[in-house]
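For reference, entry-v1.cif (mmCIF, N, CA and C atoms):
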```cif
data_data
#
loop_
_atom_site.group_PDB
_atom_site.id
_atom_site.type_symbol
_atom_site.label_atom_id
_atom_site.label_comp_id
_atom_site.auth_asym_id
_atom_site.auth_seq_id
_atom_site.Cartn_x
_atom_site.Cartn_y
_atom_site.Cartn_z
ATOM 1 N N MET A 1 12.423 8.313 -6.339
ATOM 2 C CA MET A 1 12.689 7.545 -5.153
ATOM 3 C C MET A 1 13.556 6.344 -5.510
ATOM 4 N N THR A 2 14.524 6.058 -4.698
ATOM 5 C CA THR A 2 15.364 4.890 -4.893
ATOM 6 C C THR A 2 14.917 3.805 -3.925
ATOM 7 N N ALA A 3 14.562 2.655 -4.448
ATOM 8 C CA ALA A 3 14.144 1.545 -3.597
ATOM 9 C C ALA A 3 15.375 0.923 -2.964
ATOM 10 N N LYS A 4 15.241 0.515 -1.727
ATOM 11 C CA LYS A 4 16.347 -0.105 -1.010
ATOM 12 C C LYS A 4 15.907 -1.456 -0.473
ATOM 13 N N ALA A 5 16.857 -2.369 -0.409
ATOM 14 C CA ALA A 5 16.586 -3.701 0.132
ATOM 15 C C ALA A 5 17.051 -3.756 1.576
ATOM 16 N N ARG A 6 16.235 -4.385 2.423
ATOM 17 C CA ARG A 6 16.598 -4.621 3.819
ATOM 18 C C ARG A 6 16.492 -6.114 4.068
ATOM 19 N N GLU A 7 17.582 -6.709 4.531
ATOM 20 C CA GLU A 7 17.563 -8.144 4.804
ATOM 21 C C GLU A 7 17.242 -8.379 6.264
ATOM 22 N N ARG A 8 16.402 -9.374 6.485
ATOM 23 C CA ARG A 8 16.012 -9.758 7.835
ATOM 24 C C ARG A 8 15.876 -11.266 7.829
ATOM 25 N N ASP A 9 16.801 -11.937 8.486
ATOM 26 C CA ASP A 9 16.845 -13.396 8.465
ATOM 27 C C ASP A 9 16.910 -13.865 7.008
ATOM 28 N N ASP A 10 15.937 -14.643 6.559
ATOM 29 C CA ASP A 10 15.959 -15.117 5.179
ATOM 30 C C ASP A 10 14.978 -14.350 4.298
ATOM 31 N N LEU A 11 14.493 -13.209 4.785
ATOM 32 C CA LEU A 11 13.537 -12.394 4.052
ATOM 33 C C LEU A 11 14.195 -11.089 3.625
ATOM 34 N N VAL A 12 14.007 -10.722 2.374
ATOM 35 C CA VAL A 12 14.495 -9.439 1.880
ATOM 36 C C VAL A 12 13.280 -8.574 1.600
ATOM 37 N N GLU A 13 13.210 -7.440 2.278
ATOM 38 C CA GLU A 13 12.100 -6.516 2.080
ATOM 39 C C GLU A 13 12.585 -5.342 1.242
ATOM 40 N N LEU A 14 11.766 -4.931 0.297
ATOM 41 C CA LEU A 14 12.080 -3.787 -0.542
ATOM 42 C C LEU A 14 11.049 -2.698 -0.273
ATOM 43 N N ASP A 15 11.526 -1.464 -0.191
ATOM 44 C CA ASP A 15 10.538 -0.398 -0.105
ATOM 45 C C ASP A 15 10.205 0.047 -1.511
ATOM 46 N N GLY A 16 9.157 0.773 -1.670
ATOM 47 C CA GLY A 16 8.719 1.207 -2.989
ATOM 48 C C GLY A 16 7.270 0.825 -3.204
ATOM 49 N N ALA A 17 6.649 1.539 -4.085
ATOM 50 C CA ALA A 17 5.233 1.312 -4.383
ATOM 51 C C ALA A 17 5.083 0.284 -5.494
ATOM 52 N N PRO A 18 3.947 -0.411 -5.526
ATOM 53 C CA PRO A 18 3.686 -1.324 -6.646
ATOM 54 C C PRO A 18 3.804 -0.574 -7.977
ATOM 55 N N GLY A 19 4.459 -1.201 -8.920
ATOM 56 C CA GLY A 19 4.638 -0.574 -10.225
ATOM 57 C C GLY A 19 5.808 0.395 -10.280
ATOM 58 N N ASP A 20 6.525 0.554 -9.181
ATOM 59 C CA ASP A 20 7.671 1.467 -9.112
ATOM 60 C C ASP A 20 8.877 0.798 -9.782
ATOM 61 N N ASP A 21 9.355 1.381 -10.869
ATOM 62 C CA ASP A 21 10.484 0.787 -11.598
ATOM 63 C C ASP A 21 11.714 0.608 -10.710
ATOM 64 N N ALA A 22 11.952 1.530 -9.784
ATOM 65 C CA ALA A 22 13.113 1.419 -8.895
ATOM 66 C C ALA A 22 12.996 0.188 -8.006
ATOM 67 N N ALA A 23 11.777 -0.160 -7.604
ATOM 68 C CA ALA A 23 11.584 -1.353 -6.771
ATOM 69 C C ALA A 23 11.910 -2.617 -7.557
ATOM 70 N N TYR A 24 11.496 -2.680 -8.819
ATOM 71 C CA TYR A 24 11.820 -3.845 -9.643
ATOM 72 C C TYR A 24 13.330 -3.959 -9.865
ATOM 73 N N SER A 25 13.993 -2.823 -10.066
ATOM 74 C CA SER A 25 15.450 -2.834 -10.236
ATOM 75 C C SER A 25 16.137 -3.320 -8.971
ATOM 76 N N ALA A 26 15.665 -2.843 -7.828
ATOM 77 C CA ALA A 26 16.251 -3.275 -6.554
ATOM 78 C C ALA A 26 16.030 -4.768 -6.344
ATOM 79 N N ALA A 27 14.862 -5.272 -6.708
ATOM 80 C CA ALA A 27 14.583 -6.705 -6.580
ATOM 81 C C ALA A 27 15.516 -7.512 -7.476
ATOM 82 N N ASN A 28 15.705 -7.061 -8.715
ATOM 83 C CA ASN A 28 16.623 -7.756 -9.628
ATOM 84 C C ASN A 28 18.021 -7.827 -9.038
ATOM 85 N N ARG A 29 18.514 -6.707 -8.539
ATOM 86 C CA ARG A 29 19.866 -6.677 -7.965
ATOM 87 C C ARG A 29 19.966 -7.575 -6.729
ATOM 88 N N ALA A 30 18.946 -7.544 -5.866
ATOM 89 C CA ALA A 30 18.959 -8.368 -4.660
ATOM 90 C C ALA A 30 18.967 -9.857 -5.012
ATOM 91 N N ILE A 31 18.192 -10.246 -5.992
ATOM 92 C CA ILE A 31 18.141 -11.652 -6.411
ATOM 93 C C ILE A 31 19.504 -12.102 -6.934
ATOM 94 N N VAL A 32 20.117 -11.291 -7.774
ATOM 95 C CA VAL A 32 21.428 -11.644 -8.337
ATOM 96 C C VAL A 32 22.482 -11.732 -7.234
ATOM 97 N N GLU A 33 22.484 -10.785 -6.313
ATOM 98 C CA GLU A 33 23.472 -10.803 -5.229
ATOM 99 C C GLU A 33 23.277 -12.020 -4.327
ATOM 100 N N GLN A 34 22.043 -12.388 -4.034
ATOM 101 C CA GLN A 34 21.798 -13.573 -3.209
ATOM 102 C C GLN A 34 22.227 -14.843 -3.929
ATOM 103 N N ALA A 35 21.970 -14.923 -5.219
ATOM 104 C CA ALA A 35 22.385 -16.102 -5.986
ATOM 105 C C ALA A 35 23.912 -16.228 -5.990
ATOM 106 N N LYS A 36 24.604 -15.112 -6.181
ATOM 107 C CA LYS A 36 26.070 -15.147 -6.165
ATOM 108 C C LYS A 36 26.588 -15.530 -4.789
ATOM 109 N N ALA A 37 25.972 -15.029 -3.721
ATOM 110 C CA ALA A 37 26.395 -15.366 -2.362
ATOM 111 C C ALA A 37 26.178 -16.853 -2.075
ATOM 112 N N LEU A 38 25.047 -17.393 -2.507
ATOM 113 C CA LEU A 38 24.785 -18.816 -2.319
ATOM 114 C C LEU A 38 25.790 -19.669 -3.090
ATOM 115 N N ALA A 39 26.142 -19.226 -4.291
ATOM 116 C CA ALA A 39 27.088 -19.982 -5.116
ATOM 117 C C ALA A 39 28.477 -19.992 -4.491
ATOM 118 N N ARG A 40 28.859 -18.887 -3.830
ATOM 119 C CA ARG A 40 30.177 -18.840 -3.189
ATOM 120 C C ARG A 40 30.329 -19.924 -2.138
ATOM 121 N N GLY A 41 29.241 -20.337 -1.533
ATOM 122 C CA GLY A 41 29.306 -21.354 -0.489
ATOM 123 C C GLY A 41 29.024 -22.755 -0.986
ATOM 124 N N SER A 42 29.076 -22.961 -2.292
ATOM 125 C CA SER A 42 28.764 -24.293 -2.817
ATOM 126 C C SER A 42 29.833 -24.752 -3.797
ATOM 127 N N ALA A 43 29.713 -25.997 -4.196
ATOM 128 C CA ALA A 43 30.649 -26.561 -5.170
ATOM 129 C C ALA A 43 30.343 -26.079 -6.580
ATOM 130 N N HIS A 44 29.216 -25.417 -6.779
ATOM 131 C CA HIS A 44 28.791 -24.983 -8.113
ATOM 132 C C HIS A 44 29.111 -23.530 -8.385
ATOM 133 N N GLN A 45 30.117 -23.007 -7.739
ATOM 134 C CA GLN A 45 30.448 -21.589 -7.813
ATOM 135 C C GLN A 45 30.622 -21.080 -9.239
ATOM 136 N N GLY A 46 31.242 -21.831 -10.100
ATOM 137 C CA GLY A 46 31.487 -21.367 -11.459
ATOM 138 C C GLY A 46 30.345 -21.639 -12.420
ATOM 139 N N GLY A 47 29.267 -22.229 -11.946
ATOM 140 C CA GLY A 47 28.204 -22.621 -12.847
ATOM 141 C C GLY A 47 26.899 -21.895 -12.618
ATOM 142 N N LEU A 48 26.933 -20.590 -12.459
ATOM 143 C CA LEU A 48 25.705 -19.835 -12.249
ATOM 144 C C LEU A 48 24.855 -19.839 -13.508
ATOM 145 N N ILE A 49 23.594 -20.191 -13.339
ATOM 146 C CA ILE A 49 22.656 -20.246 -14.459
ATOM 147 C C ILE A 49 21.429 -19.426 -14.093
ATOM 148 N N ALA A 50 20.967 -18.620 -15.021
ATOM 149 C CA ALA A 50 19.723 -17.874 -14.846
ATOM 150 C C ALA A 50 18.753 -18.306 -15.930
ATOM 151 N N ILE A 51 17.525 -18.562 -15.533
ATOM 152 C CA ILE A 51 16.476 -18.890 -16.492
ATOM 153 C C ILE A 51 15.566 -17.677 -16.579
ATOM 154 N N VAL A 52 15.478 -17.093 -17.750
ATOM 155 C CA VAL A 52 14.671 -15.900 -17.975
ATOM 156 C C VAL A 52 13.468 -16.291 -18.822
ATOM 157 N N VAL A 53 12.281 -16.074 -18.264
ATOM 158 C CA VAL A 53 11.044 -16.417 -18.960
ATOM 159 C C VAL A 53 10.402 -15.117 -19.426
ATOM 160 N N TRP A 54 10.379 -14.925 -20.749
ATOM 161 C CA TRP A 54 9.763 -13.716 -21.303
ATOM 162 C C TRP A 54 9.554 -13.871 -22.784
ATOM 163 N N ASN A 55 8.946 -12.875 -23.403
ATOM 164 C CA ASN A 55 8.652 -12.979 -24.840
ATOM 165 C C ASN A 55 9.823 -12.520 -25.705
ATOM 166 N N GLY A 56 10.911 -12.062 -25.104
ATOM 167 C CA GLY A 56 12.102 -11.690 -25.850
ATOM 168 C C GLY A 56 12.055 -10.317 -26.485
ATOM 169 N N ALA A 57 10.985 -9.591 -26.283
ATOM 170 C CA ALA A 57 10.836 -8.261 -26.882
ATOM 171 C C ALA A 57 10.656 -7.219 -25.789
ATOM 172 N N PRO A 58 11.714 -6.447 -25.506
ATOM 173 C CA PRO A 58 11.576 -5.442 -24.443
ATOM 174 C C PRO A 58 10.564 -4.360 -24.810
ATOM 175 N N ARG A 59 9.915 -3.840 -23.777
ATOM 176 C CA ARG A 59 8.989 -2.730 -23.992
ATOM 177 C C ARG A 59 9.768 -1.482 -24.369
ATOM 178 N N ARG A 60 9.080 -0.520 -24.928
ATOM 179 C CA ARG A 60 9.748 0.735 -25.307
ATOM 180 C C ARG A 60 10.277 1.470 -24.091
ATOM 181 N N SER A 61 9.500 1.492 -23.017
ATOM 182 C CA SER A 61 9.956 2.156 -21.800
ATOM 183 C C SER A 61 10.771 1.163 -20.981
ATOM 184 N N SER A 62 10.825 1.342 -19.709
ATOM 185 C CA SER A 62 11.609 0.435 -18.873
ATOM 186 C C SER A 62 10.995 -0.964 -18.896
ATOM 187 N N ASP A 63 11.836 -1.960 -18.805
ATOM 188 C CA ASP A 63 11.396 -3.352 -18.826
ATOM 189 C C ASP A 63 12.221 -4.116 -17.803
ATOM 190 N N ALA A 64 11.589 -4.492 -16.688
ATOM 191 C CA ALA A 64 12.301 -5.151 -15.596
ATOM 192 C C ALA A 64 12.870 -6.499 -16.016
ATOM 193 N N THR A 65 12.189 -7.226 -16.897
ATOM 194 C CA THR A 65 12.699 -8.528 -17.332
ATOM 195 C C THR A 65 13.938 -8.358 -18.196
ATOM 196 N N LYS A 66 13.923 -7.406 -19.115
ATOM 197 C CA LYS A 66 15.102 -7.117 -19.943
ATOM 198 C C LYS A 66 16.261 -6.675 -19.062
ATOM 199 N N GLU A 67 15.956 -5.807 -18.094
ATOM 200 C CA GLU A 67 17.000 -5.348 -17.169
ATOM 201 C C GLU A 67 17.585 -6.523 -16.389
ATOM 202 N N SER A 68 16.728 -7.434 -15.927
ATOM 203 C CA SER A 68 17.194 -8.610 -15.204
ATOM 204 C C SER A 68 18.084 -9.472 -16.091
ATOM 205 N N ASN A 69 17.668 -9.680 -17.322
ATOM 206 C CA ASN A 69 18.449 -10.463 -18.276
ATOM 207 C C ASN A 69 19.834 -9.841 -18.478
ATOM 208 N N ASP A 70 19.874 -8.539 -18.679
ATOM 209 C CA ASP A 70 21.150 -7.842 -18.870
ATOM 210 C C ASP A 70 22.025 -7.955 -17.616
ATOM 211 N N LEU A 71 21.397 -7.839 -16.444
ATOM 212 C CA LEU A 71 22.133 -7.887 -15.184
ATOM 213 C C LEU A 71 22.758 -9.256 -14.955
ATOM 214 N N VAL A 72 22.007 -10.324 -15.182
ATOM 215 C CA VAL A 72 22.575 -11.656 -14.954
ATOM 216 C C VAL A 72 23.676 -11.965 -15.962
ATOM 217 N N GLU A 73 23.508 -11.518 -17.195
ATOM 218 C CA GLU A 73 24.575 -11.720 -18.184
ATOM 219 C C GLU A 73 25.844 -10.974 -17.763
ATOM 220 N N ALA A 74 25.693 -9.722 -17.328
ATOM 221 C CA ALA A 74 26.845 -8.922 -16.900
ATOM 222 C C ALA A 74 27.485 -9.481 -15.630
ATOM 223 N N SER A 75 26.719 -10.240 -14.851
ATOM 224 C CA SER A 75 27.229 -10.808 -13.603
ATOM 225 C C SER A 75 27.854 -12.178 -13.782
ATOM 226 N N GLY A 76 27.937 -12.650 -15.022
ATOM 227 C CA GLY A 76 28.616 -13.904 -15.298
ATOM 228 C C GLY A 76 27.740 -15.141 -15.287
ATOM 229 N N PHE A 77 26.435 -14.975 -15.223
ATOM 230 C CA PHE A 77 25.541 -16.122 -15.280
ATOM 231 C C PHE A 77 25.440 -16.620 -16.712
ATOM 232 N N ARG A 78 25.264 -17.914 -16.850
ATOM 233 C CA ARG A 78 24.888 -18.468 -18.139
ATOM 234 C C ARG A 78 23.368 -18.315 -18.214
ATOM 235 N N VAL A 79 22.868 -17.719 -19.279
ATOM 236 C CA VAL A 79 21.446 -17.398 -19.379
ATOM 237 C C VAL A 79 20.745 -18.350 -20.334
ATOM 238 N N THR A 80 19.645 -18.924 -19.870
ATOM 239 C CA THR A 80 18.760 -19.715 -20.709
ATOM 240 C C THR A 80 17.447 -18.986 -20.782
ATOM 241 N N GLU A 81 17.030 -18.643 -21.992
ATOM 242 C CA GLU A 81 15.764 -17.941 -22.180
ATOM 243 C C GLU A 81 14.671 -18.936 -22.538
ATOM 244 N N VAL A 82 13.531 -18.780 -21.887
ATOM 245 C CA VAL A 82 12.336 -19.554 -22.212
ATOM 246 C C VAL A 82 11.361 -18.574 -22.826
ATOM 247 N N GLN A 83 11.080 -18.780 -24.103
ATOM 248 C CA GLN A 83 10.198 -17.860 -24.828
ATOM 249 C C GLN A 83 8.740 -18.143 -24.486
ATOM 250 N N THR A 84 7.995 -17.086 -24.235
ATOM 251 C CA THR A 84 6.563 -17.214 -23.994
ATOM 252 C C THR A 84 5.827 -16.959 -25.297
ATOM 253 N N LEU A 85 4.540 -17.235 -25.311
ATOM 254 C CA LEU A 85 3.722 -16.988 -26.485
ATOM 255 C C LEU A 85 3.453 -15.500 -26.626
ATOM 256 N N GLY A 86 2.969 -15.104 -27.783
ATOM 257 C CA GLY A 86 2.567 -13.714 -27.986
ATOM 258 C C GLY A 86 3.681 -12.823 -28.492
ATOM 259 N N ARG A 87 4.680 -13.410 -29.033
ATOM 260 C CA ARG A 87 5.815 -12.625 -29.519
ATOM 261 C C ARG A 87 5.508 -11.968 -30.813
#
```
Before anything else, please render the file you have as structure tokens.
Amino acid sequence: MTAKARERDDLVELDGAPGDDAAYSAANRAIVEQAKALARGSAHQGGLIAIVVWNGAPRRSSDATKESNDLVEASGFRVTEVQTLGR
């Protein structure tokens, strides 16, 4: 199943079941697209920054945080990682 985002006013709804990797991917993409759209309307257009909070070690299978990190880097954001404990 492919999760899809539906925008309604200032709310973005995603379909998909809890724990569905496609839903997490759709959420990551929606967040990045909204951040880029907001930046286009501001004086800070060239200064996109993403703060990624994680332990820095992707899981063997899919990892939504790693995917988000890769997506923001590919989208031109400057990435600041905040390392969590348990690494």
Handout entry: Residue members of the PyMOL selection byres ((chain A and resi 77) around 8) in the file shown, as a ChimeraX atom specification
Key = /A:46-50,71-76,78-80
Exercise for the section: Measure the distance from atom CA of A:Arg59 to atom CA of A:Ala35 in Å and round it to one decimal. Expected result: 26.1 Å
Handout entry: Shortest interatomic distance to A:Ser68 - which of A:Glu81, A:Asn55, A:Ala37, A:Val32, counting only C-alpha atoms
Key =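 Nearest candidate to A:Ser68 out of A:Glu81, A:Asn55, A:Ala37, A:Val32: A:Val32.
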Exercise for the section: With a distance cut-off of 8 Å and all atoms listed in the file, select the neighbouring residues of A:Leu85, excluding the residue or stretch itself and same-chain residues fewer than 2 positions from it, and output the selection as a list of chain:residue names. Expected result: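 With the cut-off at 8 Å, the set is A:Trp54, A:Asn55, A:Val82, A:Gln83, A:Arg87.
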Handout entry: Å distance separating atom N of A:Asp70 from atom N of A:Arg29, one decimal place
Key =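 If I compute the distance from atom N of A:Asp70 to atom N of A:Arg29, I get 10.4 Å.
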Completion exercise
One decimal place gives the atom C of A:Gly19-atom CA of A:Ser62 separation as 10.4 Å
Exercise for the section: Please identify which residues in chain A DSSP calls helix (DSSP H, G or I) from the backbone, and express them as an MDAnalysis selection string. Expected result: chainID A and resid 21:40 64:74
Practice task
Determine which residues of chain A receive a DSSP assignment of strand (DSSP E), computed from the backbone, and state them as a list in words.
Solution key: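 Of chain A, only Ala5, Arg6, Glu7, Arg8, Leu11, Val12, Glu13, Leu14, Ile49, Ala50, Ile51, Val52, Val53, Trp54, Arg78, Val79, Thr80, Glu81, Val82 and Gln83 of chain A fall in strand (DSSP E).
Distances from A:Ser25, A:Pro18, A:Thr84, A:Asp10 to A:Val53 were compared using all atoms listed in the file, and the smallest one belongs to A:Thr84.
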Problem - Selected residue of minimal separation from A:Ala64 among A:Asp21, A:Gly41, A:Lys36, A:Ile51, counting all atoms listed in the file - result: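 Checking each of A:Asp21, A:Gly41, A:Lys36, A:Ile51 against A:Ala64, counting all atoms listed in the file, the winner is A:Asp21.
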Six-sided padding of 6 Å per side, axis-aligned box over stretch 9-17 of chain A, centre and edges in Å, one decimal, as lines of an AutoDock Vina configuration file:
```
center_x = 11.0
center_y = -6.8
center_z = 1.5
size_x = 23.8
size_y = 28.7
size_z = 26.0
```
